[in-house]
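Encoded as structure tokens, the structure appears first; notes follow it.
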Amino acid sequence: KMKALHSLVFFSFFTDAFIGVNIGSDISDVPGPTDIVALLKAQSIQHVRLYDADRALLVALANTGIRVTVSVPNDQLLGIGQSNVTAANWVSRNVIAHVPATNITAICVGSEVLTTLPNAAPILVSAINFIHSALVAANLDRQIKVSSPHSSSIILVSFPPSQAFFNRTWNPVFVPLLKFLQSTGSYLMLNVYPYYDYRQTNGTVPLDYALFRPLPPNKEAVDSNTLLHYTNVFDAVVDAAYFAMSDLNFSNIPVLVTESGWPSKGDSSEPDATVDNANTYNSNLIRHVLNNTGTPKHPGVAVSTYIYELYNEDLRSGPVSEKNWGLFYANGEPVYTLHLTGAGIIFANDTTNQTFCVSKSNADPKMLQAALDWACGPGKVDCSPLLQGQPCYEPNNVVAHSTYAFNAYYQKMDKSPGSCDFKGVASITTTDPSHGSCIFPGRYDFSSLCLCARCHSFPGYMC
């Protein structure tokens, strides 16, 4: 009976798992807020997590229905944890100023504080409480949950999961934190990276087990205490978190995975950071989460997950892999096309079907003009919309005109490899360059995309 009751508590919290994406900004050429939102819409992404509360992006997300998690950055944590006035001002400026137009649904207070900023650990729970009190005062505490993402490294002995426990050094922080999460109906936020688990075991964890690839029954990991079978690292880590909470006598707090992913490129010491592995991991992760299979300990209980991350962040320090976790390059071009045929509700518009060819804004104008002349001449593109008085004449400059001509050629060539290069002055993007009455070839008519599954799953998606 108790188990059934706990499941009911879980299900009342999240009936369906969702996939979201993290949006970082350590990018030398950061996409504008409207470009970011256009990409999110084109990919049917309905949940995003920001590492701050960027005002321009929150404004751009208004009236989209996209569910937004904002964050208190670690460098603001000490001030907020020591002053309820500072916390209230933060909530007023970064949350109250934007709702309800922007659909803010959660606040991350810091990130991996216990492992990266241990001196702030003693005030973490007070910071969370002060933020929550400000939400209560604004009558927003029911719709906006408060928590703090943790590294899975705070779990000691993660396998077998039934033996897992949190690093007891942090019990003075963790016990009151879990009490807060339980009393407010919030969730334990956890960053789960099978890539690092795989690397740190020096080959004892099979790559297929890390990538969600099918395993023969004799290769599955079995918890000898519970006899539960594990077919992937992700489920084992999530269940380790559940068992670690049970070790502290908390058994009805759901886990929300705030970061998970796989890098698509690495240096010579990172041979498994490849496009194929990144594609395999994220494709399988999305499918696994959206199937609502849950974990062996809690089958059918949603484990919603945010993929790390939307864009490659070229300014991040560290090994090459640190810069290459993104699904997209900063210009909106996909790093790879996810293996998601039939997934239906996220990345539903296969990125290869929703791409455009645009001129590079920093390209030599003379080279752009030469490429434009070629496209409208030997390339046999219909450039009549660029004539004076026609819909794509304005803005009357070589960047805008060549973008139209390049894209028309790219679409005419069925987006074949190499058809969007023009001697290096063009690149592929998922952001629709259409403007006003100037409609670019390749644009979808979104009114025809009213799919029952999508509308049912995402009420914010208006058909």
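By convention in this document, the chains of the structure tokens carry letters A, B, ... by their order, each chain's residues are numbered from 1, and ligands are numbered from 1 in the order they are shown.
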
Selection: 8 Å around stretch 395-408 of chain A, only C-alpha atoms, excl. self and same-chain fewer than 6 positions, as a tab-separated table (two decimals) with N, CA, C and O atoms, in the first residue's frame:
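The resulting file, result.tsv, is shown below:
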chain	number	residue	atom	x	y	z
A	356	PHE	N	17.86	26.12	-44.12
A	356	PHE	CA	17.95	27.17	-45.13
A	356	PHE	C	19.42	27.48	-45.36
A	356	PHE	O	20.26	27.22	-44.50
A	357	CYS	N	19.72	28.05	-46.51
A	357	CYS	CA	21.09	28.45	-46.83
A	357	CYS	C	21.16	29.97	-46.80
A	357	CYS	O	20.35	30.64	-47.47
A	358	VAL	N	22.06	30.52	-46.00
A	358	VAL	CA	22.15	31.98	-45.87
A	358	VAL	C	23.59	32.42	-46.11
A	358	VAL	O	24.54	31.65	-45.94
A	359	SER	N	23.75	33.67	-46.48
A	359	SER	CA	25.10	34.22	-46.65
A	359	SER	C	25.68	34.55	-45.28
A	359	SER	O	24.96	34.91	-44.35
A	360	LYS	N	27.00	34.39	-45.16
A	360	LYS	CA	27.67	34.72	-43.90
A	360	LYS	C	27.79	36.24	-43.79
A	360	LYS	O	28.24	36.91	-44.73
A	361	SER	N	27.38	36.77	-42.62
A	361	SER	CA	27.34	38.24	-42.47
A	361	SER	C	28.73	38.87	-42.55
A	361	SER	O	28.86	40.05	-42.87
A	365	PRO	N	32.02	41.31	-49.41
A	365	PRO	CA	30.90	41.70	-50.29
A	365	PRO	C	31.16	41.39	-51.76
A	365	PRO	O	30.22	41.04	-52.49
A	368	LEU	N	30.42	37.79	-52.25
A	368	LEU	CA	28.97	37.60	-52.20
A	368	LEU	C	28.33	38.01	-53.52
A	368	LEU	O	27.45	37.32	-54.04
A	369	GLN	N	28.76	39.15	-54.06
A	369	GLN	CA	28.19	39.63	-55.32
A	369	GLN	C	28.49	38.65	-56.46
A	369	GLN	O	27.60	38.36	-57.28
A	371	ALA	N	29.00	35.43	-56.18
A	371	ALA	CA	28.19	34.23	-55.96
A	371	ALA	C	26.73	34.51	-56.30
A	371	ALA	O	26.03	33.65	-56.87
A	372	LEU	N	26.25	35.72	-55.97
A	372	LEU	CA	24.86	36.11	-56.31
A	372	LEU	C	24.67	36.11	-57.83
A	372	LEU	O	23.67	35.58	-58.34
A	375	ALA	N	24.48	32.53	-59.03
A	375	ALA	CA	23.22	31.84	-58.69
A	375	ALA	C	22.09	32.31	-59.60
A	375	ALA	O	21.28	31.49	-60.08
A	376	CYS	N	22.03	33.61	-59.86
A	376	CYS	CA	20.94	34.15	-60.69
A	376	CYS	C	21.21	33.96	-62.19
A	376	CYS	O	20.32	34.20	-63.00
A	381	VAL	N	18.65	30.16	-60.86
A	381	VAL	CA	17.69	30.46	-59.78
A	381	VAL	C	16.75	31.55	-60.26
A	381	VAL	O	17.15	32.48	-60.96
A	382	ASP	N	15.47	31.44	-59.88
A	382	ASP	CA	14.50	32.50	-60.19
A	382	ASP	C	14.72	33.65	-59.22
A	382	ASP	O	14.30	33.59	-58.05
A	383	CYS	N	15.42	34.70	-59.67
A	383	CYS	CA	15.73	35.84	-58.81
A	383	CYS	C	14.77	37.00	-59.01
A	383	CYS	O	15.02	38.12	-58.53
A	386	LEU	N	13.73	39.51	-56.31
A	386	LEU	CA	14.71	40.49	-55.84
A	386	LEU	C	14.64	41.79	-56.63
A	386	LEU	O	15.35	42.76	-56.30
A	420	CYS	N	25.28	24.40	-50.46
A	420	CYS	CA	25.27	25.64	-49.68
A	420	CYS	C	26.68	25.94	-49.22
A	420	CYS	O	27.04	25.71	-48.06
A	422	PHE	N	29.14	28.08	-51.84
A	422	PHE	CA	29.44	29.27	-52.64
A	422	PHE	C	30.82	29.84	-52.27
A	422	PHE	O	30.95	30.99	-51.86
A	426	ALA	N	28.66	31.00	-47.66
A	426	ALA	CA	27.31	30.63	-47.26
A	426	ALA	C	27.35	29.56	-46.19
A	426	ALA	O	28.33	28.81	-46.07
A	440	PHE	N	10.81	32.74	-48.12
A	440	PHE	CA	11.92	32.00	-48.70
A	440	PHE	C	11.50	30.58	-49.07
A	440	PHE	O	10.72	29.95	-48.34
A	441	PRO	N	12.01	30.06	-50.19
A	441	PRO	CA	11.75	28.65	-50.53
A	441	PRO	C	12.20	27.74	-49.39
A	441	PRO	O	13.22	27.99	-48.76

Apply DSSP to the structure's backbone, then extract all residues of stretch 216-329 of chain A labelled alpha helix (DSSP H) and return them as number ranges by chain. A: 233-247, 275-290

Report as JSON, numbers by chain: the residues of stretch 155-303 of chain A with a DSSP assignment of strand (DSSP E or B), based on the backbone of this structure.
{"A": [155, 156, 165, 166, 188, 189, 190, 191, 221, 222, 229, 230, 255, 256, 257, 258, 259, 260, 294, 299]}

Can you write just those residues out, N, CA and C atoms, as an mmCIF file, in the first residue's frame?
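What landed in selection.cif:
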data_model
loop_
_atom_site.group_PDB
_atom_site.id
_atom_site.type_symbol
_atom_site.label_atom_id
_atom_site.label_comp_id
_atom_site.auth_asym_id
_atom_site.auth_seq_id
_atom_site.Cartn_x
_atom_site.Cartn_y
_atom_site.Cartn_z
ATOM 1 N N ILE A 155 26.548 11.273 -4.980
ATOM 2 C CA ILE A 155 26.085 9.930 -4.609
ATOM 3 C C ILE A 155 27.314 9.025 -4.508
ATOM 4 N N LEU A 156 27.521 8.425 -3.370
ATOM 5 C CA LEU A 156 28.635 7.496 -3.210
ATOM 6 C C LEU A 156 28.125 6.069 -3.411
ATOM 7 N N PHE A 165 24.309 5.976 -1.312
ATOM 8 C CA PHE A 165 24.001 6.971 -0.288
ATOM 9 C C PHE A 165 24.714 8.267 -0.664
ATOM 10 N N PHE A 166 24.156 9.381 -0.169
ATOM 11 C CA PHE A 166 24.779 10.669 -0.440
ATOM 12 C C PHE A 166 26.018 10.832 0.443
ATOM 13 N N LEU A 188 14.126 16.639 -6.797
ATOM 14 C CA LEU A 188 15.587 16.613 -6.696
ATOM 15 C C LEU A 188 16.142 16.795 -8.099
ATOM 16 N N MET A 189 16.894 17.864 -8.301
ATOM 17 C CA MET A 189 17.515 18.123 -9.600
ATOM 18 C C MET A 189 18.889 17.475 -9.637
ATOM 19 N N LEU A 190 19.126 16.681 -10.677
ATOM 20 C CA LEU A 190 20.350 15.897 -10.754
ATOM 21 C C LEU A 190 20.934 15.991 -12.159
ATOM 22 N N ASN A 191 22.243 16.207 -12.241
ATOM 23 C CA ASN A 191 22.944 16.187 -13.527
ATOM 24 C C ASN A 191 23.533 14.795 -13.734
ATOM 25 N N ALA A 221 23.302 -5.296 -16.137
ATOM 26 C CA ALA A 221 23.803 -5.211 -14.765
ATOM 27 C C ALA A 221 22.660 -5.550 -13.811
ATOM 28 N N VAL A 222 22.923 -6.417 -12.851
ATOM 29 C CA VAL A 222 21.885 -6.840 -11.911
ATOM 30 C C VAL A 222 22.262 -6.389 -10.504
ATOM 31 N N HIS A 229 17.164 -5.441 -12.921
ATOM 32 C CA HIS A 229 18.078 -5.476 -14.066
ATOM 33 C C HIS A 229 18.229 -4.071 -14.644
ATOM 34 N N TYR A 230 19.481 -3.681 -14.914
ATOM 35 C CA TYR A 230 19.760 -2.364 -15.485
ATOM 36 C C TYR A 230 20.378 -2.524 -16.870
ATOM 37 N N VAL A 255 12.786 12.673 -9.168
ATOM 38 C CA VAL A 255 14.064 13.143 -9.711
ATOM 39 C C VAL A 255 13.798 13.828 -11.049
ATOM 40 N N LEU A 256 14.385 14.995 -11.213
ATOM 41 C CA LEU A 256 14.363 15.707 -12.495
ATOM 42 C C LEU A 256 15.810 15.818 -12.951
ATOM 43 N N VAL A 257 16.114 15.301 -14.135
ATOM 44 C CA VAL A 257 17.488 15.357 -14.644
ATOM 45 C C VAL A 257 17.680 16.690 -15.360
ATOM 46 N N THR A 258 18.481 17.566 -14.736
ATOM 47 C CA THR A 258 18.654 18.914 -15.274
ATOM 48 C C THR A 258 19.712 18.995 -16.370
ATOM 49 N N GLU A 259 20.597 17.996 -16.446
ATOM 50 C CA GLU A 259 21.581 17.965 -17.529
ATOM 51 C C GLU A 259 21.912 16.521 -17.868
ATOM 52 N N SER A 260 21.931 16.209 -19.153
ATOM 53 C CA SER A 260 22.456 14.940 -19.638
ATOM 54 C C SER A 260 22.747 15.091 -21.115
ATOM 55 N N GLY A 294 10.162 5.021 -17.155
ATOM 56 C CA GLY A 294 10.673 5.184 -15.806
ATOM 57 C C GLY A 294 11.968 4.419 -15.620
ATOM 58 N N PRO A 299 9.177 1.945 -12.176
ATOM 59 C CA PRO A 299 8.698 1.835 -13.565
ATOM 60 C C PRO A 299 7.455 2.695 -13.780
#

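You can rank A:Pro319, A:Pro176, A:Gly203, A:Pro296 by their closest distance to A:Leu227 using only C-alpha atoms, and at the top of that list sits A:Pro296.
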
Expressed in Å, the length from atom CA of A:Gly442 to atom CA of A:Gln411 is 6.3 Å

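One finds atom CA of A:Tyr306 at 15.4 Å from atom CA of A:Tyr195.
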
With only C-alpha atoms as the counted atoms, please give the residues lying no more than 6 Å from A:Val109, apart from itself and same-chain residues fewer than 5 positions off, as a VMD selection string. chain A and resid 71 to 72 148

Kindly export the residues of the current selection with N, CA, C and O atoms, as a JSON list (two decimals), in the first residue's frame.
[["chain", "number", "residue", "atom", "x", "y", "z"],
["A", 71, "SER", "N", 17.63, 30.55, -13.57],
["A", 71, "SER", "CA", 18.62, 30.15, -12.58],
["A", 71, "SER", "C", 19.21, 31.35, -11.85],
["A", 71, "SER", "O", 19.40, 32.42, -12.44],
["A", 72, "VAL", "N", 19.48, 31.13, -10.56],
["A", 72, "VAL", "CA", 20.31, 32.05, -9.79],
["A", 72, "VAL", "C", 21.76, 31.61, -9.99],
["A", 72, "VAL", "O", 22.13, 30.52, -9.55],
["A", 148, "SER", "N", 17.69, 22.93, -6.58],
["A", 148, "SER", "CA", 19.07, 23.23, -6.92],
["A", 148, "SER", "C", 19.71, 22.01, -7.56],
["A", 148, "SER", "O", 19.67, 20.92, -6.99]]

Using only C-alpha atoms, which of A:Ala302, A:Ile131, A:Val30, A:Val125 sits nearest A:Trp90?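 For A:Trp90, the nearest of the given residues is A:Ile131.
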
List the neighbours of A:Val70 out to 10 Å using only C-alpha atoms; skip same-chain residues closer than 3 positions along the sequence, and give me the result as an mmCIF file with C-alpha atoms, in the first residue's frame.
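The result, stored in out-v6.cif:
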data_model
loop_
_atom_site.group_PDB
_atom_site.id
_atom_site.type_symbol
_atom_site.label_atom_id
_atom_site.label_comp_id
_atom_site.auth_asym_id
_atom_site.auth_seq_id
_atom_site.Cartn_x
_atom_site.Cartn_y
_atom_site.Cartn_z
ATOM 1 C CA VAL A 48 14.157 25.160 -21.708
ATOM 2 C CA ARG A 49 16.543 25.821 -18.859
ATOM 3 C CA LEU A 50 18.581 29.027 -18.704
ATOM 4 C CA TYR A 51 21.726 29.372 -16.605
ATOM 5 C CA ASP A 52 20.653 32.864 -15.579
ATOM 6 C CA ALA A 53 17.549 34.991 -16.087
ATOM 7 C CA ASP A 54 18.536 36.876 -19.242
ATOM 8 C CA LEU A 58 12.784 36.005 -21.293
ATOM 9 C CA ARG A 67 8.117 26.369 -20.173
ATOM 10 C CA PRO A 73 23.977 31.972 -10.907
ATOM 11 C CA ASN A 94 13.735 38.162 -12.907
ATOM 12 C CA VAL A 95 10.413 36.395 -12.396
ATOM 13 C CA ILE A 104 8.412 30.423 -15.934
ATOM 14 C CA THR A 105 7.861 27.096 -14.163
ATOM 15 C CA ALA A 106 11.000 26.542 -12.053
ATOM 16 C CA ILE A 107 13.995 28.255 -10.473
ATOM 17 C CA CYS A 108 17.397 26.593 -10.110
ATOM 18 C CA VAL A 109 19.171 28.119 -7.113
ATOM 19 C CA VAL A 146 12.367 25.830 -6.517
#

Practice item. Skip A:Thr429 itself and residues of its chain fewer than 3 positions away, then list as a count of residues only all residues within 9 Å of it, counting only C-alpha atoms. Key: 12

Gap from atom CA of A:Pro172 to atom CA of A:Phe243 - Å, one decimal
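Atom CA of A:Phe243 lies at a distance of 18.5 Å from atom CA of A:Pro172.
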
message = Which residues are near A:Arg316? Cut-off 12 Å, only C-alpha atoms, ignore same chain within fewer than 2 positions. Put them as a list in words.
response =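 The neighbour list is Gly24, Ser25, Asp26, Ile27, Ser28, Tyr311, Asn312, Glu313, Asp314, Gly318, Pro319, Val320, Ser321, Glu322, Lys323, Asn324 and Trp325 of chain A.
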
Please identify all polymer residues within 8 Å of A:Ala240, counting only C-alpha atoms, omitting same-chain residues fewer than 4 positions from it, and present them as a list of chain:residue names.
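My list of contacting residues is A:Ile155, A:Ser158, A:Phe159, A:Pro160, A:Pro161, A:Ser162, A:Gln163, A:Ala164, A:Phe165, A:Ala236, A:Ala244.
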
Write a file of the selected residues as an mmCIF file, in the first residue's frame, keeping C-alpha atoms.
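Just written: result.cif:
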data_model
loop_
_atom_site.group_PDB
_atom_site.id
_atom_site.type_symbol
_atom_site.label_atom_id
_atom_site.label_comp_id
_atom_site.auth_asym_id
_atom_site.auth_seq_id
_atom_site.Cartn_x
_atom_site.Cartn_y
_atom_site.Cartn_z
ATOM 1 C CA ILE A 155 26.085 9.930 -4.609
ATOM 2 C CA SER A 158 26.229 4.355 -7.233
ATOM 3 C CA PHE A 159 26.275 0.647 -8.118
ATOM 4 C CA PRO A 160 24.521 -1.409 -7.060
ATOM 5 C CA PRO A 161 21.900 1.357 -6.757
ATOM 6 C CA SER A 162 20.393 -0.235 -3.645
ATOM 7 C CA GLN A 163 23.649 0.465 -1.767
ATOM 8 C CA ALA A 164 23.811 4.130 -2.790
ATOM 9 C CA PHE A 165 24.001 6.971 -0.288
ATOM 10 C CA ALA A 236 21.202 3.118 -12.625
ATOM 11 C CA ALA A 244 20.186 7.506 -1.516
#
